[in-house]
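Right, one structure below, let's go through it.
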Amino acid sequence: MGDHITRPENGFIPALRWEEPPEGPVLILLDQTRLPQEEVELACTDVQGLVAAIRSLAVRGAPVLGLAGAYGVALAAARGYDVEDAAELLAQARPTAVNLGYGVRRALAAYRRADPAHAAAAALAEARALHAEDAEASAAMAGHGMQLLAKLLPGGGYRVLTHCNTGALVSGGQGTALGVVLAAHRAGELRRLWVDETRPLLQGARLTAYEAARAGAPYTLLTDNAAGSLFTAGEVDAVLVGADRIAADGATANKVGTYPLSVLARYHHVPFIVVAPTTTIDLETPDGASIEVEQRSGAEVTDLAPSPLGTQAYNPAFDVTPPELITAIVTENGVVSPVTAETLAAVCR
C-alpha cells in the first residue's frame, strides 16, 4: 500500500531508503510508476514484494537496482526469511540489468562470511556501503563527464539529447548521464536538454522531465521518432545516455531506442557518450550478442493507445549499441575512449 510523501526540506526524495520501525525493518521505495502525478512510497516487508516492485518498474535504473538487490538480501536476513532463496529470486527479477545481481552477490557474500549472530547486520552494512559507494561514483562521473564535454565542445552552452531516465531516481547520488547534464546546468553551461519520451513506459516524459523541472533546467520533451529532425537541424551537440549492462567489448545495453540514436549521432558527427559506473560493466559477458535482452508484456505498448483486440506487440526493454558507435564511456574511474576491450578492462582495474 502506498503512502503520500511529505517532501523533505532539501527537496530530494530518495529512490529507496531503509527504515526500522517498531514492527520490523522495511525497505521504502519511491513508486516511480506514479510519477510525476503523485509522489507515493511503497513499503516492502519481504522479498516477494520487492521483486514485484522491481518487475513493475516501481524501482528501476541500473545503479539503484544494485542497491535494491543488496537491501533485499538484508531485508530477508533481518526478517528471518531464507536468504539463499531470496537472493536467487532477486537476482532473476530483471535479466538485463547487471547491477541487480552484483548488489545481491555483495550482500550475500557478507552474510555468508559473518557468524550467524551477526549475519543480518553484515548484509545490511554491505548494502549501506554499496549505497555510499554509488553516491561517490555518481559525483565522480559528473566531474569526469563535465571535463569530457569541455574537451569535446569547448564553446560551452551545450544542447544535450538524452534517452530514458538516468538521474537521482536511478542512483544513490545524483545519477549517471543526467547527473552530468544537471552538473552542466548548475555550471551555467546547459543551453537545452532534449528529453526523448522513451517508449514504452515513457521514462523520459515522466521521470527525466520530472527531475529536470525540479532542478530548474531548460528542457524540451520530444517523441522518440522526432530525434532525427533535431540532428538534421543541427540542434544537438552531444548525446548522453546511461546503461544497464556493458559487455567486455564495450557493447552497451540501454533502454530500447538508444541504438538508433547512436546511428544518428555517428552520421551527424555528434559525440555519443555513455555514462555508467564500473559496476555496470560485465567482463563476463564477452559481447553485445551475449547480452540477454528482456522482453516485456505487449500490453505496455497496446494499452498506451487502444489497439484492435488481438494486436501483437514487439516490446524489448533494451537494445544494444556496438562499441564502434560510442565516442566514450564515462565511469567513476575515468573516461574510456576509444571504447575497446582493452581500454574497458583497464578502467575496471
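By convention in this document, the chains of the C-alpha cells carry letters A, B, ... by their order, each chain's residues are numbered from 1, and ligands are numbered from 1 in the order they are shown.
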
Taking the backbone alone, and naming residues the way the document does, which bits of stretch 138-333 of chain A are strand (DSSP E) by DSSP, as a ChimeraX atom specification? /A:158-162,190-196,219-222,238-241,245-247,252-255,272-275,281-282,318-321,328-331

File of the preceding selection, N, CA and C atoms, as a short mmCIF file (atom, residue, chain, number, x, y, z; two decimals), in the first residue's frame:
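The resulting file, selection-v5.cif, is shown below:
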```cif
data_model
loop_
_atom_site.label_atom_id
_atom_site.label_comp_id
_atom_site.auth_asym_id
_atom_site.auth_seq_id
_atom_site.Cartn_x
_atom_site.Cartn_y
_atom_site.Cartn_z
N TYR A 158 25.90 23.81 -23.95
CA TYR A 158 25.60 22.51 -24.54
C TYR A 158 24.11 22.30 -24.79
N ARG A 159 23.83 21.69 -25.94
CA ARG A 159 22.49 21.18 -26.23
C ARG A 159 22.60 19.66 -26.25
N VAL A 160 22.03 19.03 -25.24
CA VAL A 160 22.23 17.61 -25.00
C VAL A 160 20.93 16.85 -25.19
N LEU A 161 21.02 15.74 -25.90
CA LEU A 161 19.88 14.83 -26.06
C LEU A 161 20.09 13.62 -25.16
N THR A 162 19.06 13.24 -24.42
CA THR A 162 19.16 12.06 -23.56
C THR A 162 17.97 11.15 -23.77
N LEU A 190 24.48 24.56 -19.65
CA LEU A 190 23.44 23.80 -20.36
C LEU A 190 22.50 24.76 -21.07
N ARG A 191 22.54 24.72 -22.38
CA ARG A 191 21.64 25.57 -23.18
C ARG A 191 20.27 24.92 -23.33
N ARG A 192 20.25 23.60 -23.57
CA ARG A 192 18.97 22.91 -23.76
C ARG A 192 19.16 21.41 -23.51
N LEU A 193 18.24 20.82 -22.77
CA LEU A 193 18.18 19.37 -22.61
C LEU A 193 17.02 18.86 -23.43
N TRP A 194 17.33 18.05 -24.43
CA TRP A 194 16.30 17.41 -25.24
C TRP A 194 15.98 16.07 -24.60
N VAL A 195 14.73 15.84 -24.24
CA VAL A 195 14.32 14.65 -23.50
C VAL A 195 13.45 13.76 -24.39
N ASP A 196 14.01 12.63 -24.81
CA ASP A 196 13.19 11.64 -25.51
C ASP A 196 12.13 11.10 -24.54
N TYR A 219 14.55 22.39 -20.49
CA TYR A 219 14.37 21.12 -21.18
C TYR A 219 13.18 21.18 -22.12
N THR A 220 13.22 20.32 -23.13
CA THR A 220 12.12 20.17 -24.07
C THR A 220 11.89 18.69 -24.32
N LEU A 221 10.64 18.27 -24.25
CA LEU A 221 10.27 16.88 -24.46
C LEU A 221 9.98 16.64 -25.94
N LEU A 222 10.40 15.49 -26.46
CA LEU A 222 10.10 15.15 -27.85
C LEU A 222 9.77 13.68 -27.96
N ALA A 238 25.52 16.91 -28.28
CA ALA A 238 26.00 15.65 -27.73
C ALA A 238 24.82 14.81 -27.29
N VAL A 239 24.99 13.49 -27.32
CA VAL A 239 24.01 12.55 -26.79
C VAL A 239 24.62 11.92 -25.55
N LEU A 240 23.90 11.98 -24.43
CA LEU A 240 24.35 11.36 -23.19
C LEU A 240 23.29 10.37 -22.73
N VAL A 241 23.69 9.12 -22.56
CA VAL A 241 22.76 8.08 -22.12
C VAL A 241 23.40 7.25 -21.01
N ARG A 245 23.78 -2.66 -18.94
CA ARG A 245 24.86 -3.65 -18.96
C ARG A 245 25.83 -3.26 -20.07
N ILE A 246 27.11 -3.29 -19.75
CA ILE A 246 28.16 -3.05 -20.74
C ILE A 246 28.99 -4.32 -20.85
N ALA A 247 29.03 -4.89 -22.04
CA ALA A 247 29.78 -6.13 -22.24
C ALA A 247 31.28 -5.85 -22.26
N THR A 252 26.89 -1.88 -25.44
CA THR A 252 26.12 -1.34 -24.31
C THR A 252 24.63 -1.54 -24.49
N ALA A 253 24.00 -2.18 -23.50
CA ALA A 253 22.55 -2.32 -23.49
C ALA A 253 21.95 -1.16 -22.72
N ASN A 254 21.00 -0.50 -23.34
CA ASN A 254 20.27 0.58 -22.69
C ASN A 254 18.83 0.54 -23.19
N LYS A 255 17.99 1.38 -22.62
CA LYS A 255 16.57 1.36 -22.96
C LYS A 255 16.38 1.38 -24.48
N PHE A 272 28.58 10.63 -29.00
CA PHE A 272 27.62 9.74 -28.34
C PHE A 272 28.31 9.18 -27.11
N ILE A 273 27.84 9.57 -25.92
CA ILE A 273 28.55 9.30 -24.67
C ILE A 273 27.67 8.46 -23.75
N VAL A 274 28.22 7.39 -23.24
CA VAL A 274 27.57 6.54 -22.24
C VAL A 274 28.16 6.88 -20.87
N VAL A 275 27.28 7.06 -19.88
CA VAL A 275 27.74 7.36 -18.52
C VAL A 275 27.23 6.24 -17.61
N ILE A 281 29.63 -2.58 -15.82
CA ILE A 281 30.48 -3.28 -16.78
C ILE A 281 30.58 -4.75 -16.39
N ASP A 282 30.21 -5.61 -17.31
CA ASP A 282 30.20 -7.05 -17.06
C ASP A 282 31.26 -7.72 -17.93
N PHE A 318 15.21 -3.28 -24.05
CA PHE A 318 16.52 -2.70 -24.34
C PHE A 318 16.92 -2.97 -25.77
N ASP A 319 17.90 -2.20 -26.26
CA ASP A 319 18.64 -2.59 -27.44
C ASP A 319 20.12 -2.41 -27.13
N VAL A 320 20.97 -2.87 -28.04
CA VAL A 320 22.41 -2.90 -27.77
C VAL A 320 23.14 -2.04 -28.81
N THR A 321 23.97 -1.13 -28.31
CA THR A 321 24.77 -0.25 -29.16
C THR A 321 26.19 -0.81 -29.26
N ALA A 328 32.63 7.65 -26.14
CA ALA A 328 33.31 7.47 -24.86
C ALA A 328 32.34 6.88 -23.86
N ILE A 329 32.90 6.15 -22.89
CA ILE A 329 32.14 5.70 -21.72
C ILE A 329 32.74 6.40 -20.50
N VAL A 330 31.91 7.13 -19.78
CA VAL A 330 32.35 7.85 -18.59
C VAL A 330 32.04 6.98 -17.37
N THR A 331 33.06 6.66 -16.58
CA THR A 331 32.89 5.91 -15.35
C THR A 331 33.43 6.73 -14.18
#
```

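Contact shell of A:Gly143 at 9 Å (only C-alpha atoms; same-chain neighbours under 3 positions omitted): Ser138, Ala139, Ala140, Met146, Gln147, Leu148, Val180, Ala183 and Glu332 of chain A.
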
Any chance you could export the current selection's N, CA and C atoms as a CSV table (one decimal), in the first residue's frame?
```csv
chain,number,residue,atom,x,y,z
A,138,SER,N,28.7,8.5,-8.4
A,138,SER,CA,27.8,9.5,-9.1
A,138,SER,C,28.5,10.9,-9.2
A,139,ALA,N,29.1,11.3,-8.1
A,139,ALA,CA,29.8,12.6,-8.1
A,139,ALA,C,31.0,12.6,-9.0
A,140,ALA,N,31.7,11.5,-9.0
A,140,ALA,CA,32.9,11.3,-9.8
A,140,ALA,C,32.6,11.3,-11.3
A,146,MET,N,31.8,16.3,-17.1
A,146,MET,CA,32.0,17.7,-17.4
A,146,MET,C,33.3,18.0,-18.1
A,147,GLN,N,34.4,17.4,-17.6
A,147,GLN,CA,35.7,17.6,-18.3
A,147,GLN,C,35.6,17.1,-19.7
A,148,LEU,N,35.0,16.0,-20.0
A,148,LEU,CA,34.9,15.4,-21.3
A,148,LEU,C,34.1,16.4,-22.2
A,180,VAL,N,25.5,14.2,-15.1
A,180,VAL,CA,26.4,15.1,-15.8
A,180,VAL,C,25.7,16.3,-16.4
A,183,ALA,N,24.9,18.8,-13.7
A,183,ALA,CA,26.1,19.5,-13.3
A,183,ALA,C,26.4,20.6,-14.3
A,332,GLU,N,33.3,6.2,-13.0
A,332,GLU,CA,33.8,6.9,-11.8
A,332,GLU,C,35.3,6.9,-11.8
```

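Nearest-residue note for A:Tyr210: choosing from A:Asp237, A:Asp85, A:Glu39, A:Glu294, the minimum distance belongs to A:Glu39, counting only C-alpha atoms.
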
Stretch 63-71 of chain A environment, 7 Å, only C-alpha atoms, sequence neighbours closer than 2 positions dropped, as number ranges by chain: A: 60-61, 73-75, 90, 99-104, 106-107, 124, 127, 130-131, 170-172

For all heavy atoms, I'd like the residues from the last selection saved as a short mmCIF file (atom, residue, chain, number, x, y, z; two decimals), in the first residue's frame.
```cif
data_model
loop_
_atom_site.label_atom_id
_atom_site.label_comp_id
_atom_site.auth_asym_id
_atom_site.auth_seq_id
_atom_site.Cartn_x
_atom_site.Cartn_y
_atom_site.Cartn_z
N ARG A 60 13.66 1.24 -10.51
CA ARG A 60 14.27 0.89 -11.79
C ARG A 60 15.54 1.73 -11.97
O ARG A 60 15.78 2.68 -11.24
CB ARG A 60 13.30 1.17 -12.95
CG ARG A 60 12.59 2.49 -12.81
CD ARG A 60 12.27 3.18 -14.08
NE ARG A 60 13.44 3.54 -14.84
CZ ARG A 60 14.18 4.61 -14.60
NH1 ARG A 60 13.93 5.42 -13.57
NH2 ARG A 60 15.22 4.89 -15.35
N GLY A 61 16.33 1.34 -12.96
CA GLY A 61 17.59 2.02 -13.21
C GLY A 61 18.74 1.21 -12.65
O GLY A 61 18.71 0.78 -11.50
N VAL A 73 18.50 -8.57 0.15
CA VAL A 73 19.15 -9.65 0.90
C VAL A 73 19.15 -9.31 2.39
O VAL A 73 18.85 -10.16 3.24
CB VAL A 73 20.58 -9.87 0.39
CG1 VAL A 73 21.35 -10.83 1.30
CG2 VAL A 73 20.56 -10.41 -1.03
N ALA A 74 19.47 -8.05 2.71
CA ALA A 74 19.48 -7.62 4.11
C ALA A 74 18.09 -7.72 4.72
O ALA A 74 17.93 -8.10 5.90
CB ALA A 74 20.00 -6.19 4.21
N LEU A 75 17.06 -7.40 3.93
CA LEU A 75 15.69 -7.47 4.41
C LEU A 75 15.30 -8.91 4.74
O LEU A 75 14.70 -9.19 5.79
CB LEU A 75 14.73 -6.89 3.36
CG LEU A 75 13.25 -6.80 3.73
CD1 LEU A 75 13.04 -5.83 4.88
CD2 LEU A 75 12.42 -6.39 2.51
N LEU A 90 15.71 -12.44 -6.22
CA LEU A 90 16.09 -11.07 -6.55
C LEU A 90 16.96 -11.01 -7.81
O LEU A 90 16.74 -10.19 -8.70
CB LEU A 90 16.83 -10.43 -5.38
CG LEU A 90 15.98 -10.00 -4.18
CD1 LEU A 90 16.83 -9.80 -2.96
CD2 LEU A 90 15.21 -8.73 -4.52
N ASN A 99 23.66 -4.75 -12.56
CA ASN A 99 23.86 -4.23 -11.20
C ASN A 99 23.02 -4.97 -10.17
O ASN A 99 23.41 -5.09 -9.01
CB ASN A 99 23.53 -2.74 -11.14
CG ASN A 99 24.47 -1.91 -11.97
OD1 ASN A 99 24.45 -2.00 -13.19
ND2 ASN A 99 25.30 -1.11 -11.32
N LEU A 100 21.85 -5.44 -10.57
CA LEU A 100 20.97 -6.13 -9.64
C LEU A 100 21.66 -7.36 -9.06
O LEU A 100 21.72 -7.55 -7.84
CB LEU A 100 19.66 -6.51 -10.33
CG LEU A 100 18.63 -7.29 -9.51
CD1 LEU A 100 18.23 -6.52 -8.26
CD2 LEU A 100 17.40 -7.59 -10.36
N GLY A 101 22.21 -8.20 -9.92
CA GLY A 101 22.92 -9.38 -9.46
C GLY A 101 24.16 -9.02 -8.67
O GLY A 101 24.53 -9.71 -7.70
N TYR A 102 24.83 -7.94 -9.08
CA TYR A 102 26.03 -7.51 -8.35
C TYR A 102 25.70 -7.14 -6.91
O TYR A 102 26.39 -7.56 -5.97
CB TYR A 102 26.65 -6.31 -9.08
CG TYR A 102 27.81 -5.67 -8.33
CD1 TYR A 102 29.08 -6.25 -8.37
CD2 TYR A 102 27.63 -4.51 -7.60
CE1 TYR A 102 30.14 -5.68 -7.69
CE2 TYR A 102 28.69 -3.94 -6.90
CZ TYR A 102 29.94 -4.51 -6.95
OH TYR A 102 30.99 -3.94 -6.27
N GLY A 103 24.64 -6.37 -6.71
CA GLY A 103 24.25 -5.98 -5.36
C GLY A 103 23.85 -7.18 -4.52
O GLY A 103 24.20 -7.27 -3.33
N VAL A 104 23.12 -8.10 -5.13
CA VAL A 104 22.72 -9.32 -4.43
C VAL A 104 23.95 -10.11 -3.98
O VAL A 104 24.05 -10.54 -2.82
CB VAL A 104 21.82 -10.20 -5.32
CG1 VAL A 104 21.62 -11.58 -4.71
CG2 VAL A 104 20.47 -9.53 -5.53
N ARG A 106 27.02 -9.07 -3.49
CA ARG A 106 27.79 -8.37 -2.46
C ARG A 106 27.21 -8.62 -1.07
O ARG A 106 27.92 -8.97 -0.12
CB ARG A 106 27.79 -6.87 -2.74
CG ARG A 106 28.78 -6.38 -3.79
CD ARG A 106 30.10 -5.90 -3.21
NE ARG A 106 29.99 -4.86 -2.21
CZ ARG A 106 30.32 -3.58 -2.40
NH1 ARG A 106 30.73 -3.18 -3.59
NH2 ARG A 106 30.26 -2.71 -1.41
N ALA A 107 25.91 -8.41 -0.93
CA ALA A 107 25.27 -8.58 0.38
C ALA A 107 25.26 -10.04 0.80
O ALA A 107 25.44 -10.35 1.99
CB ALA A 107 23.86 -8.01 0.35
N LEU A 124 23.28 -5.92 5.94
CA LEU A 124 22.82 -4.54 5.92
C LEU A 124 23.99 -3.57 5.80
O LEU A 124 23.92 -2.58 5.05
CB LEU A 124 22.01 -4.23 7.18
CG LEU A 124 21.48 -2.80 7.31
CD1 LEU A 124 20.61 -2.43 6.12
CD2 LEU A 124 20.72 -2.63 8.62
N ALA A 127 25.06 -3.49 2.23
CA ALA A 127 24.14 -2.71 1.41
C ALA A 127 24.37 -1.22 1.59
O ALA A 127 24.37 -0.44 0.63
CB ALA A 127 22.69 -3.08 1.76
N LEU A 130 27.55 -0.19 -0.22
CA LEU A 130 27.31 -0.07 -1.65
C LEU A 130 26.57 1.22 -1.97
O LEU A 130 26.86 1.90 -2.97
CB LEU A 130 26.52 -1.28 -2.15
CG LEU A 130 26.21 -1.34 -3.64
CD1 LEU A 130 27.48 -1.32 -4.47
CD2 LEU A 130 25.38 -2.58 -3.97
N HIS A 131 25.62 1.59 -1.12
CA HIS A 131 24.86 2.83 -1.29
C HIS A 131 25.80 4.03 -1.27
O HIS A 131 25.73 4.92 -2.13
CB HIS A 131 23.82 2.93 -0.17
CG HIS A 131 22.68 3.82 -0.46
ND1 HIS A 131 21.41 3.60 0.02
CD2 HIS A 131 22.58 4.96 -1.21
CE1 HIS A 131 20.60 4.55 -0.40
NE2 HIS A 131 21.30 5.40 -1.13
N VAL A 170 17.66 6.85 -10.22
CA VAL A 170 18.29 5.56 -10.51
C VAL A 170 19.58 5.38 -9.72
O VAL A 170 20.37 4.50 -10.03
CB VAL A 170 18.59 5.41 -12.02
CG1 VAL A 170 17.35 5.65 -12.84
CG2 VAL A 170 19.74 6.29 -12.47
N SER A 171 19.79 6.18 -8.69
CA SER A 171 21.10 6.22 -8.07
C SER A 171 21.03 6.51 -6.59
O SER A 171 20.04 7.05 -6.09
CB SER A 171 21.94 7.31 -8.77
OG SER A 171 23.14 7.57 -8.10
N GLY A 172 22.11 6.17 -5.89
CA GLY A 172 22.26 6.60 -4.51
C GLY A 172 22.74 8.03 -4.41
O GLY A 172 22.79 8.60 -3.32
#
```

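Between A:Glu126 and the candidates A:Gly72, A:Leu152, A:Val293, A:Gln174, the tightest atom-to-atom separation, counting only C-alpha atoms, involves A:Gly72.
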
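Separating atom CA of A:Leu182 from atom CA of A:Ala248 is a distance of 28.9 Å.
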
Please provide as a PyMOL selection string all residues within 10 Å of A:Val59, with the sequence filter that same-chain residues fewer than 4 positions apart are discarded (counting only C-alpha atoms). chain A and resi 15-16+29-33+42+50-55+64-65+68+169-170

In stretch 113-269 of chain A, DSSP helix (DSSP H, G or I) residues written as a PDB file with C-alpha atoms, in the first residue's frame:
```pdb
ATOM      1  CA  ARG A 113      31.140 -14.563   5.812  1.00  0.00           C
ATOM      2  CA  PRO A 116      25.107 -16.440  12.336  1.00  0.00           C
ATOM      3  CA  ALA A 117      24.506 -13.984  15.184  1.00  0.00           C
ATOM      4  CA  HIS A 118      25.798 -11.079  13.104  1.00  0.00           C
ATOM      5  CA  ALA A 119      24.960 -12.194   9.548  1.00  0.00           C
ATOM      6  CA  ALA A 120      21.888  -9.960   9.124  1.00  0.00           C
ATOM      7  CA  ALA A 121      23.798  -6.921  10.358  1.00  0.00           C
ATOM      8  CA  ALA A 122      26.675  -7.754   7.993  1.00  0.00           C
ATOM      9  CA  ALA A 123      24.342  -7.894   4.988  1.00  0.00           C
ATOM     10  CA  LEU A 124      22.820  -4.537   5.921  1.00  0.00           C
ATOM     11  CA  ALA A 125      26.245  -2.973   6.430  1.00  0.00           C
ATOM     12  CA  GLU A 126      27.288  -4.179   2.970  1.00  0.00           C
ATOM     13  CA  ALA A 127      24.136  -2.713   1.406  1.00  0.00           C
ATOM     14  CA  ARG A 128      24.821   0.616   3.097  1.00  0.00           C
ATOM     15  CA  ALA A 129      28.441   0.524   1.941  1.00  0.00           C
ATOM     16  CA  LEU A 130      27.313  -0.072  -1.653  1.00  0.00           C
ATOM     17  CA  HIS A 131      24.858   2.830  -1.290  1.00  0.00           C
ATOM     18  CA  ALA A 132      27.658   5.168  -0.193  1.00  0.00           C
ATOM     19  CA  GLU A 133      29.951   3.939  -2.982  1.00  0.00           C
ATOM     20  CA  ASP A 134      27.256   4.601  -5.572  1.00  0.00           C
ATOM     21  CA  ALA A 135      26.797   8.180  -4.341  1.00  0.00           C
ATOM     22  CA  GLU A 136      30.559   8.739  -4.570  1.00  0.00           C
ATOM     23  CA  ALA A 137      30.657   7.208  -8.056  1.00  0.00           C
ATOM     24  CA  SER A 138      27.835   9.497  -9.148  1.00  0.00           C
ATOM     25  CA  ALA A 139      29.773  12.602  -8.108  1.00  0.00           C
ATOM     26  CA  ALA A 140      32.942  11.343  -9.783  1.00  0.00           C
ATOM     27  CA  MET A 141      31.110  10.599 -13.049  1.00  0.00           C
ATOM     28  CA  ALA A 142      29.647  14.105 -13.078  1.00  0.00           C
ATOM     29  CA  GLY A 143      33.140  15.558 -12.777  1.00  0.00           C
ATOM     30  CA  HIS A 144      34.650  13.346 -15.482  1.00  0.00           C
ATOM     31  CA  GLY A 145      31.649  13.968 -17.734  1.00  0.00           C
ATOM     32  CA  MET A 146      31.963  17.737 -17.395  1.00  0.00           C
ATOM     33  CA  GLN A 147      35.661  17.567 -18.293  1.00  0.00           C
ATOM     34  CA  LEU A 148      34.872  15.447 -21.346  1.00  0.00           C
ATOM     35  CA  LEU A 149      32.164  17.854 -22.547  1.00  0.00           C
ATOM     36  CA  ALA A 150      34.535  20.801 -22.148  1.00  0.00           C
ATOM     37  CA  LYS A 151      37.149  18.935 -24.212  1.00  0.00           C
ATOM     38  CA  LEU A 152      34.766  17.855 -26.967  1.00  0.00           C
ATOM     39  CA  ALA A 168      18.801  10.643  -8.862  1.00  0.00           C
ATOM     40  CA  LEU A 169      15.862   8.269  -9.337  1.00  0.00           C
ATOM     41  CA  VAL A 170      18.290   5.562 -10.507  1.00  0.00           C
ATOM     42  CA  ALA A 177      24.047  10.672 -17.615  1.00  0.00           C
ATOM     43  CA  LEU A 178      21.504  13.085 -16.157  1.00  0.00           C
ATOM     44  CA  GLY A 179      23.895  13.711 -13.277  1.00  0.00           C
ATOM     45  CA  VAL A 180      26.389  15.077 -15.826  1.00  0.00           C
ATOM     46  CA  VAL A 181      23.696  17.131 -17.556  1.00  0.00           C
ATOM     47  CA  LEU A 182      22.486  18.709 -14.322  1.00  0.00           C
ATOM     48  CA  ALA A 183      26.080  19.456 -13.303  1.00  0.00           C
ATOM     49  CA  ALA A 184      26.380  21.366 -16.584  1.00  0.00           C
ATOM     50  CA  HIS A 185      23.155  23.186 -15.747  1.00  0.00           C
ATOM     51  CA  ARG A 186      24.455  24.207 -12.317  1.00  0.00           C
ATOM     52  CA  GLN A 203      10.527   7.135 -18.510  1.00  0.00           C
ATOM     53  CA  GLY A 204      11.780  10.257 -20.249  1.00  0.00           C
ATOM     54  CA  ALA A 205       8.434  12.035 -20.379  1.00  0.00           C
ATOM     55  CA  ARG A 206       7.511  11.090 -16.823  1.00  0.00           C
ATOM     56  CA  LEU A 207      10.797  10.857 -14.940  1.00  0.00           C
ATOM     57  CA  THR A 208      13.561  12.792 -16.721  1.00  0.00           C
ATOM     58  CA  ALA A 209      11.187  15.706 -17.262  1.00  0.00           C
ATOM     59  CA  TYR A 210      10.247  15.466 -13.558  1.00  0.00           C
ATOM     60  CA  GLU A 211      13.886  15.646 -12.479  1.00  0.00           C
ATOM     61  CA  ALA A 212      14.784  18.392 -14.961  1.00  0.00           C
ATOM     62  CA  ALA A 213      11.811  20.509 -13.875  1.00  0.00           C
ATOM     63  CA  ARG A 214      12.698  20.004 -10.215  1.00  0.00           C
ATOM     64  CA  ALA A 215      16.246  21.210 -10.969  1.00  0.00           C
ATOM     65  CA  ASP A 224      11.437   9.310 -29.810  1.00  0.00           C
ATOM     66  CA  ASN A 225      10.992   9.365 -33.583  1.00  0.00           C
ATOM     67  CA  ALA A 226      11.485  13.150 -33.717  1.00  0.00           C
ATOM     68  CA  ALA A 227      15.172  12.969 -32.780  1.00  0.00           C
ATOM     69  CA  GLY A 228      16.290  12.728 -36.398  1.00  0.00           C
ATOM     70  CA  SER A 229      14.814  16.109 -37.223  1.00  0.00           C
ATOM     71  CA  LEU A 230      16.775  17.673 -34.355  1.00  0.00           C
ATOM     72  CA  PHE A 231      20.040  16.245 -35.680  1.00  0.00           C
ATOM     73  CA  THR A 232      19.213  17.425 -39.198  1.00  0.00           C
ATOM     74  CA  THR A 258      19.239   4.067 -27.780  1.00  0.00           C
ATOM     75  CA  TYR A 259      20.885   2.252 -30.690  1.00  0.00           C
ATOM     76  CA  PRO A 260      19.102   4.349 -33.369  1.00  0.00           C
ATOM     77  CA  LEU A 261      20.363   7.483 -31.587  1.00  0.00           C
ATOM     78  CA  SER A 262      23.926   6.218 -31.847  1.00  0.00           C
ATOM     79  CA  VAL A 263      23.498   5.738 -35.603  1.00  0.00           C
ATOM     80  CA  LEU A 264      22.080   9.235 -35.993  1.00  0.00           C
ATOM     81  CA  ALA A 265      24.878  10.671 -33.883  1.00  0.00           C
ATOM     82  CA  ARG A 266      27.577   8.969 -35.961  1.00  0.00           C
ATOM     83  CA  TYR A 267      26.054  10.141 -39.252  1.00  0.00           C
TER      84      TYR A 267
END
```

Counting only C-alpha atoms, the residue of A:Val347, A:Ala251, A:Val336, A:Leu35 that sits nearest A:Ala289: A:Ala251

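Rounded to one decimal, atom CA of A:Gly250 and atom CA of A:Thr279 lie 13.5 Å from each other.
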
Please list as a ChimeraX atom specification every residue within 6 Å of A:Gly298, counting only C-alpha atoms and excluding residues in the same chain fewer than 2 positions away. /A:300-301,313,315

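Pairwise distance (atom CA of A:Val98, atom CA of A:Glu197) equals 24.0 Å.
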